[in-house]
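First comes the structure, then the notes that go with it.
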Amino acid sequence: MRRILWFRRDLRVEDNPLLSLGGEVLPIFIFDTNILKSLREDDRRVSFIFSRVLKLKQDLQAKGLDLKLFFGSPIEVFAALAPLGFDEVAASGDYDAYARQRDLEVSRLLHFRCLNDTYVFSFDEVLKADKTPYLLFTPFYNRARTLFSAEHMKACSFARQQLFPQDYEGITQISQGKEKLLAFQITSIGFTQQTFLYEAPETKLQRLKQRLDSYETHRNFPSLQGSSGLSIDLRFGTISVREVLRFLSTQEKAGLQTEAFFRQLLFRDFYAYLLYHFPRIEKENYKYRFKGVQDPEKYEAFCKGETGVPLIDAGVKELLQRGTMHNRVRMVCASFFTKDLLLPWQWGEAFFAEHLLDYDAASNILSWQWSAGTGIDPQPYFRIFNPYLQAKKFDKEALYIKTFCPALKEISPKELHNEEYLLSHAIADYPKPILRHKEAAAAALAYFKRQVV
């Protein structure tokens, strides 16, 4: 059997189902121009991916294999490879609309083998008795819990593989049927090297081990750093989800509390599952006619972290500076964006998509629809987060706020959580709030109500 092993969201050697397939193999990675053409040249994710691809190539070489790199559209790449006599191309599944259409087109050129690697369950594994998908997380979770077994944690073993003879140097650019060899440098694909904060997933797991018992509560507090930090690794597959599950199993046997974290993994599964079964929600509301109010000035203030609402501005500045944003802060920012500012959720989703290092289409889209109240879940449109109460509860000492908004370092936490103080006092190098939350929330409810009835 002669196979193309297409690495995508699985940038690792260990526990990778691609490497459990035997025969003569051509491992490849494609810098996809259909995706890259919409990104800025300083996009941090490209730097992250480039660094992980380099490590993957080195790790494969250590096992007697290699990684051939391409720059172009996948269809053109596989059109060039198909005549070389391959029996199939194997890749791990991806659920967003572009990925599914891309894989369908590739399957017309070569037999396409889809492997389940990115999530705990495959998209058709957790279904109701009538074979339809669950719409609510709790029933999905309960059913998934009964289906979960040791097989879902089983590590993939290495098969005996022979490397397909090819030139593995540089990056092969394919455009309009013509090939050109480029230097293996990020500038060759039109991007500049960016810095980013990154720790090996093994280090994160060891830290998580110390935090599992407090994970359920501490993960909501941005200054406590109680989250795992594994979202980027799960997104790009620098760690196997099965390895994380085995880690949890080991910790559970040692008496640690693991259910809260396991539940978050299944929430990630659930959102990808919904996007697969209801692809229209990638751009459209699942329910209600809310379209938001297009206000470029409010949008610009939000995107610069200049709304005058400390927790919101701190979250946006973290995103702009580091490419990260704490999960609780993401929810509060999304609520403020869609409810207080009444901006279209699609605008906010696109802004996050542009800057998040761990951007995952399913998680981001479904979370924004949840915040807007337009999603599949029963989240009511009239639920609106108060950003000041959220800050007081989850960042009581304003440690997170002051980390990313240095202009507020000398202001007491009590005053930072007080909207009236911020509205009535001038703070050097920091704007006054662009709205009064109570009034904005009332206006939002009136707007939403008009759209519903």
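Labels used: A, B, ... for chains in the order of the structure tokens, numbers from 1 for residues in each chain, and numbers from 1 for ligands as shown.
Residues lying within 12 Å of Ala446 (chain A), counting only C-alpha atoms and ignoring same-chain neighbours fewer than 6 positions away, are Phe290, Lys339, Asp340, Leu342, Tyr381, Phe382, Glu439, Ala440, Val452 and Val453 of chain A.
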Requested write-out: C-alpha atoms of the selected residues, as a compact mmCIF listing (two decimals), in the first residue's frame:
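See selection.txt below for the written result:
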# COMPACT_ATOMS: atom_id res chain seq x y z
CA PHE A 290 -31.04 39.22 15.45
CA LYS A 339 -25.61 42.97 24.10
CA ASP A 340 -24.17 46.26 25.40
CA LEU A 342 -25.41 45.52 19.97
CA TYR A 381 -31.38 36.15 24.53
CA PHE A 382 -32.24 38.18 27.64
CA GLU A 439 -29.10 51.63 29.95
CA ALA A 440 -27.34 49.59 27.25
CA VAL A 452 -38.44 37.95 18.44
CA VAL A 453 -42.11 38.93 18.24
Sorted per-residue table, region 59-133 of chain A near region 160-175 of chain A, closest atoms and distance, 10 Å, only C-alpha atoms, as a Markdown table:
| residue | atom | partner | partner_atom | distance |
| --- | --- | --- | --- | --- |
| A:Lys63 | CA | A:Gln161 | CA | 9.7 |
| A:Gly64 | CA | A:Leu163 | CA | 7.6 |
| A:Leu65 | CA | A:Leu163 | CA | 5.6 |
| A:Asp66 | CA | A:Tyr168 | CA | 6.9 |
| A:Leu67 | CA | A:Tyr168 | CA | 6.5 |
| A:Lys68 | CA | A:Tyr168 | CA | 4.9 |
| A:Leu69 | CA | A:Ile171 | CA | 4.9 |
| A:Phe70 | CA | A:Thr172 | CA | 4.7 |
| A:Phe71 | CA | A:Gln173 | CA | 4.5 |
| A:Gly72 | CA | A:Ile174 | CA | 5.3 |
| A:Ser73 | CA | A:Ile174 | CA | 7.7 |
| A:Pro74 | CA | A:Ile174 | CA | 9.4 |
| A:Glu76 | CA | A:Ile174 | CA | 6.7 |
| A:Val77 | CA | A:Ile174 | CA | 6.5 |
| A:Ala80 | CA | A:Ile174 | CA | 8.4 |
Those residues you just picked out, can you put them in a file as a PDB file, in the first residue's frame with N, CA and C atoms?
ATOM      1  N   LYS A  63      12.895   9.125  13.057  1.00  0.00           N
ATOM      2  CA  LYS A  63      12.292   7.797  12.909  1.00  0.00           C
ATOM      3  C   LYS A  63      12.505   7.228  11.503  1.00  0.00           C
ATOM      4  N   GLY A  64      13.389   7.841  10.765  1.00  0.00           N
ATOM      5  CA  GLY A  64      13.690   7.339   9.430  1.00  0.00           C
ATOM      6  C   GLY A  64      12.710   7.790   8.366  1.00  0.00           C
ATOM      7  N   LEU A  65      11.865   8.761   8.698  1.00  0.00           N
ATOM      8  CA  LEU A  65      10.913   9.308   7.734  1.00  0.00           C
ATOM      9  C   LEU A  65      11.294  10.755   7.429  1.00  0.00           C
ATOM     10  N   ASP A  66      10.377  11.517   6.879  1.00  0.00           N
ATOM     11  CA  ASP A  66      10.624  12.927   6.609  1.00  0.00           C
ATOM     12  C   ASP A  66       9.281  13.579   6.341  1.00  0.00           C
ATOM     13  N   LEU A  67       9.285  14.865   6.079  1.00  0.00           N
ATOM     14  CA  LEU A  67       8.051  15.609   5.826  1.00  0.00           C
ATOM     15  C   LEU A  67       8.273  16.490   4.610  1.00  0.00           C
ATOM     16  N   LYS A  68       7.473  16.273   3.577  1.00  0.00           N
ATOM     17  CA  LYS A  68       7.559  17.113   2.375  1.00  0.00           C
ATOM     18  C   LYS A  68       6.599  18.277   2.551  1.00  0.00           C
ATOM     19  N   LEU A  69       7.085  19.480   2.325  1.00  0.00           N
ATOM     20  CA  LEU A  69       6.306  20.690   2.542  1.00  0.00           C
ATOM     21  C   LEU A  69       5.861  21.283   1.210  1.00  0.00           C
ATOM     22  N   PHE A  70       4.589  21.682   1.196  1.00  0.00           N
ATOM     23  CA  PHE A  70       4.025  22.312   0.000  1.00  0.00           C
ATOM     24  C   PHE A  70       3.443  23.675   0.355  1.00  0.00           C
ATOM     25  N   PHE A  71       3.412  24.539  -0.641  1.00  0.00           N
ATOM     26  CA  PHE A  71       2.791  25.858  -0.525  1.00  0.00           C
ATOM     27  C   PHE A  71       1.886  26.026  -1.739  1.00  0.00           C
ATOM     28  N   GLY A  72       0.580  26.027  -1.501  1.00  0.00           N
ATOM     29  CA  GLY A  72      -0.373  26.124  -2.598  1.00  0.00           C
ATOM     30  C   GLY A  72      -1.740  25.660  -2.144  1.00  0.00           C
ATOM     31  N   SER A  73      -2.660  25.509  -3.067  1.00  0.00           N
ATOM     32  CA  SER A  73      -3.979  24.995  -2.707  1.00  0.00           C
ATOM     33  C   SER A  73      -3.907  23.472  -2.665  1.00  0.00           C
ATOM     34  N   PRO A  74      -4.600  22.835  -1.708  1.00  0.00           N
ATOM     35  CA  PRO A  74      -4.552  21.373  -1.619  1.00  0.00           C
ATOM     36  C   PRO A  74      -4.932  20.668  -2.919  1.00  0.00           C
ATOM     37  N   GLU A  76      -4.452  21.615  -6.026  1.00  0.00           N
ATOM     38  CA  GLU A  76      -3.330  21.634  -6.959  1.00  0.00           C
ATOM     39  C   GLU A  76      -2.214  20.691  -6.496  1.00  0.00           C
ATOM     40  N   VAL A  77      -1.999  20.636  -5.178  1.00  0.00           N
ATOM     41  CA  VAL A  77      -0.970  19.746  -4.645  1.00  0.00           C
ATOM     42  C   VAL A  77      -1.302  18.292  -4.960  1.00  0.00           C
ATOM     43  N   ALA A  80      -0.998  17.211  -8.508  1.00  0.00           N
ATOM     44  CA  ALA A  80       0.381  16.921  -8.893  1.00  0.00           C
ATOM     45  C   ALA A  80       0.849  15.573  -8.352  1.00  0.00           C
TER      46      ALA A  80
END
### Query
Which polymer residues have any atom within 9 Å of an atom of Ile75 (chain A), counting only C-alpha atoms, with same-chain residues fewer than 5 positions away left out, as a ChimeraX atom specification?
/A:80,102,105-106,109
### Message
Quick one: residues within 8 Å of Arg268 (chain A), only C-alpha atoms, excluding same-chain residues fewer than 3 positions away - as a ChimeraX atom specification?
### Response
/A:119,264-265,271-272,363
Selection from above, C-alpha atoms, as a PDB file, in the first residue's frame, can you write it?
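The resulting file, out-v3.pdb, is reproduced below:
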ATOM      1  CA  TYR A 119     -11.771  14.855  19.209  1.00  0.00           C
ATOM      2  CA  GLN A 264     -14.664  20.583  29.163  1.00  0.00           C
ATOM      3  CA  LEU A 265     -13.127  18.161  26.683  1.00  0.00           C
ATOM      4  CA  TYR A 271     -19.383  22.218  19.601  1.00  0.00           C
ATOM      5  CA  ALA A 272     -17.513  20.485  16.757  1.00  0.00           C
ATOM      6  CA  SER A 363     -15.581  26.498  19.631  1.00  0.00           C
TER       7      SER A 363
END
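Nearest to Ala353 (chain A) of all the residues A:Arg3, A:Lys298, A:Arg9, A:Arg45 is A:Arg45, based on only C-alpha atoms.
Of the residues listed (A:Ala372, A:Leu408, A:Ile186, A:Arg328), A:Arg328 shows the shortest atom-to-atom separation from Thr217 (chain A); distances use only C-alpha atoms.
Among the candidate residues A:Lys304, A:Lys396, A:Arg280, A:Arg207, the one lying nearest to Tyr430 (chain A) is A:Lys304, with distances computed using only C-alpha atoms.
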### Query
Do you know which residues are at most 7 Å from region 195-202 of chain A counting only C-alpha atoms, after dropping those on the same chain fewer than 2 positions away, and could you put them as a list in words?
Arg44, Gln193, Lys204, Leu205, Gln206, Leu230, Asp233, Ile239 and Arg322 of chain A
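CA of Pro279 (chain A) lies 6.5 Å from CA of Ala97 (chain A).
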